[in-house]
Amino acid sequence: RTLETICKFCAANGIVLLADEVYQRNIYAPGKEFLSAKKIACETKDCEDLQLVSFHSTSKGLIGECGRRGGYMEMHGIDPYVQAQVYKLASSGLCSGMAGQIMTSLMVNPPKPGDESYEMFMDEESTIFNSLVRRSKLLVDGLNKIEGVTCEPSEGAMYAFPKIELPKGAVAAAEENNQTPDTMYALSLLDETGICVVPASGFGQADGRIGFRTTFLPPEDKLVKAVDEFKRHHELFCQKWN
């Protein structure tokens, strides 16, 4: 319903919808599935005039080959003249991204049953996916065990957005320094533990909420240590400002 609302709004107001769908295969919650903006647009009334550009990439998502800069975009409902200009711009590059093109081709056309590399491919892919499922649960469960920290389950992608409760003294000190409380907390976490997180104030969180964004990409053994460090820092921070 959220996607339907967004698609209808953009169609009604002549807004080009840019859909970043790079995490379409990173779905960890049982019974849930990825729904593309194009599918919703094509099946929803009043979206006939929607202008949509969908993106996918090899450098994130399940493949996660961050050093391989490859991807594609699909234009739906975009004026042919505009499409031609975008194609012309893309074609003007003097150096083709060969490695990225190869990776993108492999992403959209992986080995099929019967191919020589199929079993190896499926084994490696399932190993990566199952590890991400375990890591997402490990991080969320670990954060929820810290007093004053609550975190919703991470059902997809590779991030968690915990909410933290901070002493009034910390909030006041942050305001005096013209900082948001979560920025002050994130800098303290970095100084104390070396863990880098992103203050949630940069994502437009609700008024009064304090939190941050973190990831469960590190290897499982390191993630266990990171959760311990999250706990140690949070206790030290709250003791300091209580």
# chains A, B, ... in the order shown; residues from 1 in each chain; ligands from 1

call {"tool": "closest_atom_pairs", "arguments": {"of": "range 83-140 of chain A", "to": "range 153-164 of chain A", "cutoff": "10 Å", "atoms": "only C-alpha atoms", "output": "JSON lines"}}
result
{"residue": "A:Leu132", "atom": "CA", "partner": "A:Met158", "partner_atom": "CA", "distance": 7.7}
{"residue": "A:Val133", "atom": "CA", "partner": "A:Glu155", "partner_atom": "CA", "distance": 8.7}
{"residue": "A:Arg135", "atom": "CA", "partner": "A:Met158", "partner_atom": "CA", "distance": 9.2}
{"residue": "A:Ser136", "atom": "CA", "partner": "A:Ser154", "partner_atom": "CA", "distance": 6.1}
{"residue": "A:Lys137", "atom": "CA", "partner": "A:Pro153", "partner_atom": "CA", "distance": 7.3}
{"residue": "A:Leu139", "atom": "CA", "partner": "A:Ala160", "partner_atom": "CA", "distance": 7.9}
{"residue": "A:Val140", "atom": "CA", "partner": "A:Pro153", "partner_atom": "CA", "distance": 6.2}

call {"tool": "select_by_dssp", "arguments": {"residues": "range 81-224 of chain A", "states": "strand (DSSP E)", "output": "PDB file with N, CA and C atoms, in the first residue's frame"}}
result
ATOM      1  N   VAL A 149      18.402   0.591  24.881  1.00  0.00           N
ATOM      2  CA  VAL A 149      18.496   0.475  23.421  1.00  0.00           C
ATOM      3  C   VAL A 149      17.396  -0.461  22.932  1.00  0.00           C
ATOM      4  N   THR A 150      16.647  -0.031  21.925  1.00  0.00           N
ATOM      5  CA  THR A 150      15.624  -0.875  21.309  1.00  0.00           C
ATOM      6  C   THR A 150      15.820  -0.855  19.801  1.00  0.00           C
ATOM      7  N   TYR A 159      21.108  -3.178   7.199  1.00  0.00           N
ATOM      8  CA  TYR A 159      21.226  -2.143   8.220  1.00  0.00           C
ATOM      9  C   TYR A 159      20.256  -2.377   9.373  1.00  0.00           C
ATOM     10  N   ALA A 160      20.596  -1.780  10.503  1.00  0.00           N
ATOM     11  CA  ALA A 160      19.708  -1.736  11.660  1.00  0.00           C
ATOM     12  C   ALA A 160      19.641  -0.288  12.133  1.00  0.00           C
ATOM     13  N   LYS A 163      17.018   2.602  18.380  1.00  0.00           N
ATOM     14  CA  LYS A 163      16.650   3.811  19.118  1.00  0.00           C
ATOM     15  C   LYS A 163      17.354   3.752  20.468  1.00  0.00           C
ATOM     16  N   ILE A 164      17.919   4.877  20.905  1.00  0.00           N
ATOM     17  CA  ILE A 164      18.643   4.890  22.172  1.00  0.00           C
ATOM     18  C   ILE A 164      18.055   5.941  23.112  1.00  0.00           C
ATOM     19  N   VAL A 198      26.079   5.950  11.725  1.00  0.00           N
ATOM     20  CA  VAL A 198      25.533   7.176  11.143  1.00  0.00           C
ATOM     21  C   VAL A 198      24.408   7.689  12.030  1.00  0.00           C
ATOM     22  N   PRO A 199      24.491   8.931  12.512  1.00  0.00           N
ATOM     23  CA  PRO A 199      23.410   9.484  13.339  1.00  0.00           C
ATOM     24  C   PRO A 199      22.081   9.442  12.585  1.00  0.00           C
ATOM     25  N   PHE A 212      20.665   5.723  15.663  1.00  0.00           N
ATOM     26  CA  PHE A 212      21.709   5.705  14.646  1.00  0.00           C
ATOM     27  C   PHE A 212      21.467   4.550  13.686  1.00  0.00           C
ATOM     28  N   ARG A 213      22.182   4.584  12.573  1.00  0.00           N
ATOM     29  CA  ARG A 213      22.144   3.472  11.634  1.00  0.00           C
ATOM     30  C   ARG A 213      23.464   2.736  11.700  1.00  0.00           C
ATOM     31  N   THR A 214      23.391   1.420  11.765  1.00  0.00           N
ATOM     32  CA  THR A 214      24.593   0.601  11.734  1.00  0.00           C
ATOM     33  C   THR A 214      24.349  -0.581  10.802  1.00  0.00           C
ATOM     34  N   THR A 215      25.383  -1.350  10.544  1.00  0.00           N
ATOM     35  CA  THR A 215      25.269  -2.452   9.588  1.00  0.00           C
ATOM     36  C   THR A 215      25.698  -3.772  10.218  1.00  0.00           C
TER      37      THR A 215
END

call {"tool": "residues_around", "arguments": {"residues": "range 32-41 of chain A", "least_positions_apart": "4", "cutoff": "10 Å", "atoms": "only C-alpha atoms", "output": "ChimeraX atom specification"}}
result
/A:1,3-8,11,17-21,23-28,45-54,74-76,155-156

call {"tool": "closest_residue", "arguments": {"among": "A:Asn242, A:Tyr72, A:His234, A:Glu152", "to": "Gln101 in chain A", "atoms": "only C-alpha atoms"}}
result
A:Tyr72

call {"tool": "residues_around", "arguments": {"residues": "range 165-175 of chain A", "least_positions_apart": "5", "cutoff": "8 Å", "atoms": "only C-alpha atoms", "output": "ChimeraX atom specification"}}
result
/A:148-149,180-181,184,210,238,241-242

call {"tool": "residues_around", "arguments": {"residues": "Glu65 in chain A", "least_positions_apart": "3", "cutoff": "12 Å", "atoms": "only C-alpha atoms", "output": "PyMOL selection string"}}
result
chain A and resi 57-62+68-71+99-100+103-104+106-107

call {"tool": "write_last_selection", "arguments": {"atoms": "all heavy atoms", "output": "short mmCIF file (atom, residue, chain, number, x, y, z; two decimals), in the first residue's frame"}}
result
data_model
loop_
_atom_site.label_atom_id
_atom_site.label_comp_id
_atom_site.auth_asym_id
_atom_site.auth_seq_id
_atom_site.Cartn_x
_atom_site.Cartn_y
_atom_site.Cartn_z
N SER A 57 22.25 -2.70 -8.73
CA SER A 57 23.71 -2.59 -8.75
C SER A 57 24.37 -3.86 -8.24
O SER A 57 23.80 -4.60 -7.43
CB SER A 57 24.13 -1.41 -7.86
OG SER A 57 25.51 -1.43 -7.60
N THR A 58 25.59 -4.10 -8.73
CA THR A 58 26.37 -5.24 -8.25
C THR A 58 27.16 -4.90 -6.99
O THR A 58 27.64 -5.79 -6.31
CB THR A 58 27.38 -5.71 -9.32
OG1 THR A 58 28.35 -4.68 -9.53
CG2 THR A 58 26.69 -6.01 -10.63
N SER A 59 27.32 -3.62 -6.72
CA SER A 59 28.19 -3.21 -5.62
C SER A 59 27.51 -3.26 -4.25
O SER A 59 28.15 -3.04 -3.23
CB SER A 59 28.76 -1.82 -5.88
OG SER A 59 27.76 -0.92 -6.23
N LYS A 60 26.21 -3.53 -4.23
CA LYS A 60 25.50 -3.71 -2.96
C LYS A 60 24.63 -4.95 -3.09
O LYS A 60 24.89 -5.82 -3.91
CB LYS A 60 24.67 -2.47 -2.62
CG LYS A 60 25.51 -1.26 -2.23
CD LYS A 60 24.62 -0.13 -1.71
CE LYS A 60 25.46 1.06 -1.28
NZ LYS A 60 24.63 2.17 -0.78
N GLY A 61 23.60 -5.03 -2.28
CA GLY A 61 22.70 -6.17 -2.38
C GLY A 61 23.36 -7.47 -1.97
O GLY A 61 24.35 -7.50 -1.24
N LEU A 62 22.81 -8.57 -2.46
CA LEU A 62 23.30 -9.90 -2.06
C LEU A 62 24.69 -10.17 -2.61
O LEU A 62 25.54 -10.76 -1.94
CB LEU A 62 22.33 -10.98 -2.53
CG LEU A 62 22.63 -12.40 -2.09
CD1 LEU A 62 22.69 -12.50 -0.57
CD2 LEU A 62 21.58 -13.37 -2.63
N ARG A 68 33.40 -3.60 -7.48
CA ARG A 68 32.97 -3.75 -8.87
C ARG A 68 31.82 -2.79 -9.14
O ARG A 68 30.69 -3.05 -8.78
CB ARG A 68 32.52 -5.19 -9.15
CG ARG A 68 33.54 -6.24 -8.79
CD ARG A 68 34.78 -6.15 -9.67
NE ARG A 68 35.70 -7.25 -9.42
CZ ARG A 68 36.87 -7.39 -10.00
NH1 ARG A 68 37.28 -6.47 -10.87
NH2 ARG A 68 37.65 -8.41 -9.73
N ARG A 69 32.12 -1.67 -9.76
CA ARG A 69 31.11 -0.63 -9.93
C ARG A 69 30.31 -0.89 -11.20
O ARG A 69 30.63 -0.42 -12.29
CB ARG A 69 31.76 0.75 -9.98
CG ARG A 69 32.78 1.00 -8.90
CD ARG A 69 32.26 0.72 -7.50
NE ARG A 69 31.25 1.69 -7.10
CZ ARG A 69 30.68 1.70 -5.90
NH1 ARG A 69 31.00 0.77 -5.02
NH2 ARG A 69 29.79 2.61 -5.61
N GLY A 70 29.27 -1.68 -11.07
CA GLY A 70 28.42 -2.00 -12.21
C GLY A 70 26.96 -1.96 -11.81
O GLY A 70 26.62 -2.15 -10.64
N GLY A 71 26.08 -1.70 -12.76
CA GLY A 71 24.66 -1.67 -12.47
C GLY A 71 23.88 -1.27 -13.70
O GLY A 71 24.43 -1.12 -14.79
N ALA A 99 34.85 -4.40 -16.23
CA ALA A 99 34.63 -5.28 -15.07
C ALA A 99 33.20 -5.14 -14.55
O ALA A 99 32.54 -6.14 -14.22
CB ALA A 99 35.63 -4.96 -13.97
N GLY A 100 32.73 -3.90 -14.49
CA GLY A 100 31.37 -3.67 -14.01
C GLY A 100 30.33 -4.25 -14.94
O GLY A 100 29.30 -4.78 -14.49
N MET A 103 30.21 -8.01 -14.36
CA MET A 103 29.51 -8.32 -13.11
C MET A 103 28.01 -8.13 -13.25
O MET A 103 27.21 -8.94 -12.75
CB MET A 103 30.04 -7.43 -11.98
CG MET A 103 31.44 -7.76 -11.52
SD MET A 103 31.58 -9.43 -10.84
CE MET A 103 30.44 -9.33 -9.47
N THR A 104 27.60 -7.06 -13.93
CA THR A 104 26.17 -6.82 -14.12
C THR A 104 25.54 -7.92 -14.96
O THR A 104 24.44 -8.39 -14.67
CB THR A 104 25.95 -5.46 -14.80
OG1 THR A 104 26.54 -4.42 -14.01
CG2 THR A 104 24.46 -5.17 -14.95
N LEU A 106 26.56 -11.02 -15.15
CA LEU A 106 26.46 -12.21 -14.31
C LEU A 106 25.32 -12.10 -13.30
O LEU A 106 24.68 -13.09 -12.95
CB LEU A 106 27.78 -12.44 -13.57
CG LEU A 106 28.97 -12.85 -14.44
CD1 LEU A 106 30.26 -12.83 -13.62
CD2 LEU A 106 28.74 -14.23 -15.04
N MET A 107 25.05 -10.87 -12.83
CA MET A 107 23.99 -10.66 -11.85
C MET A 107 22.61 -10.93 -12.46
O MET A 107 21.76 -11.58 -11.85
CB MET A 107 24.04 -9.23 -11.31
CG MET A 107 22.94 -8.91 -10.30
SD MET A 107 23.07 -7.24 -9.63
CE MET A 107 22.65 -6.25 -11.09
#

call {"tool": "residues_around", "arguments": {"residues": "Gly194 in chain A", "least_positions_apart": "6", "cutoff": "10 Å", "atoms": "only C-alpha atoms", "output": "number ranges by chain"}}
result
A: 187-188, 226, 229

call {"tool": "closest_residue", "arguments": {"among": "A:Asn178, A:Ser131, A:Thr2, A:Thr183", "to": "Asp221 in chain A", "atoms": "only C-alpha atoms"}}
result
A:Ser131

call {"tool": "select_by_dssp", "arguments": {"residues": "range 19-180 of chain A", "states": "alpha helix (DSSP H)", "output": "PyMOL selection string"}}
result
chain A and resi 37-43+80-91+98-108+118-144+168-176
